[in-house]
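> Handing you this structure, nothing more for now.
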Amino acid sequence: MLKKVNRLKKRKEFNYIYKKGQIAHADDFFVHFVRAFKPYAQIGISVSKSVGNSVVRSRVKRIISEACRLNIDSFAVKNYVITAKPSAKDKTSVDIEKQLLKLLKKNNLMREKNV
């Protein structure tokens with residue numbers, strides 16, 4: 001599970017990102033993102049009823065959350081809302097994590113490594 005400071009929970013935060021943010025697409029999800037107002041990345045996860053029943057939605061949400069938790073240091077400092085597509089229900093955690101990292105790299109959303 002993501003740390004509390006890295007989670008978006010309020011509807012107002014989600015709506016702001018949907019309204020003001022940009023969109024990046026992957027095969028099984030898409031990401032809305034906007035400039036952050038805090039010095040760390042914050043992530044919200046949304047899975048609609050079209051993905052499946054509550055058990056399936058919860059599984060997809062846990063998989064995406066774990067992929068984000070493992071790679072939170074790679075995220076640029078922005079606010080993100082990750083929305084799952086119905087095709088995500090058949091994917092493994094490895095597939096989701098690979099897609100997430102590929103999407104971040106493709107859209108220049110990865111934090112620069114300072115050596």
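Residue numbers start at 1 in each chain; chains themselves are named A, B, ... in the order of the structure tokens; ligands are numbered from 1 in the order shown.
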Do a neighbour search on range 53-63 of chain A at 8 Å with only C-alpha atoms, toss out local chain neighbours closer than 3 positions, and write the hits as a PDB file with C-alpha atoms, in the first residue's frame.


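The new file result.pdb reads:
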```
ATOM      1  CA  MET A   1       0.000   0.000   0.000  1.00  0.00           C
ATOM      2  CA  ILE A  45      -6.369   5.122  -8.271  1.00  0.00           C
ATOM      3  CA  SER A  46      -9.768   4.811  -9.900  1.00  0.00           C
ATOM      4  CA  VAL A  47     -11.383   1.592 -11.136  1.00  0.00           C
ATOM      5  CA  SER A  48     -14.891   1.832 -12.612  1.00  0.00           C
ATOM      6  CA  LYS A  49     -17.642  -0.776 -12.531  1.00  0.00           C
ATOM      7  CA  GLU A  66       1.668  -2.028  -5.381  1.00  0.00           C
ATOM      8  CA  ALA A  67       3.288  -1.136  -8.719  1.00  0.00           C
ATOM      9  CA  ALA A  84      -7.915   1.270 -15.023  1.00  0.00           C
ATOM     10  CA  ALA A  88      -6.563  -4.557 -16.814  1.00  0.00           C
ATOM     11  CA  LYS A  89      -8.496  -7.300 -15.028  1.00  0.00           C
ATOM     12  CA  THR A  92      -0.532  -9.712 -13.828  1.00  0.00           C
ATOM     13  CA  SER A  93       1.281  -7.362 -11.500  1.00  0.00           C
ATOM     14  CA  ILE A  96       1.032  -3.582 -14.989  1.00  0.00           C
TER      15      ILE A  96
END
```

> Could you pull out all residues of range 29-83 of chain A with a DSSP call of alpha helix (DSSP H) and give them as an MDAnalysis selection string?

chainID A and resid 54:70

> Rounded to one decimal in Å, what is the spacing between CA of Ile72 in chain A and CA of Ala24 in chain A?

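Spanning CA of Ile72 in chain A to CA of Ala24 in chain A is a straight-line distance of 17.5 Å.
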
> Could you pull the residues within 9 Å of range 29-44 of chain A, counting only C-alpha atoms, minus those fewer than 5 positions along the same chain, as an MDAnalysis selection string?

chainID A and resid 2 5:9 13:14 16:18 20:24 65 68 72:73 75:88 96 99:100 103

> State, in Å with one decimal place, the distance from CA of Lys3 in chain A to CA of Ser74 in chain A.

15.0 Å

> Write down as a list in words the residues belonging to chain A that are assigned strand (DSSP E or B) by DSSP computed on the backbone.

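Put together, the selection reads Arg7, Gln22, Ile23, Ala24, His25, Phe29, Phe30, Val31, His32, Phe33, Val34, Arg35, Gln42, Ile43, Gly44, Ile45, Ser46, Val47, Phe75, Lys78, Asn79, Tyr80, Val81, Ile82, Thr83, Ala84 and Met110 of chain A.
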
> Can you measure CA of Lys106 in chain A to CA of Asp27 in chain A for me? One decimal in Å is fine.

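CA of Asp27 in chain A lies at a distance of 13.3 Å from CA of Lys106 in chain A.
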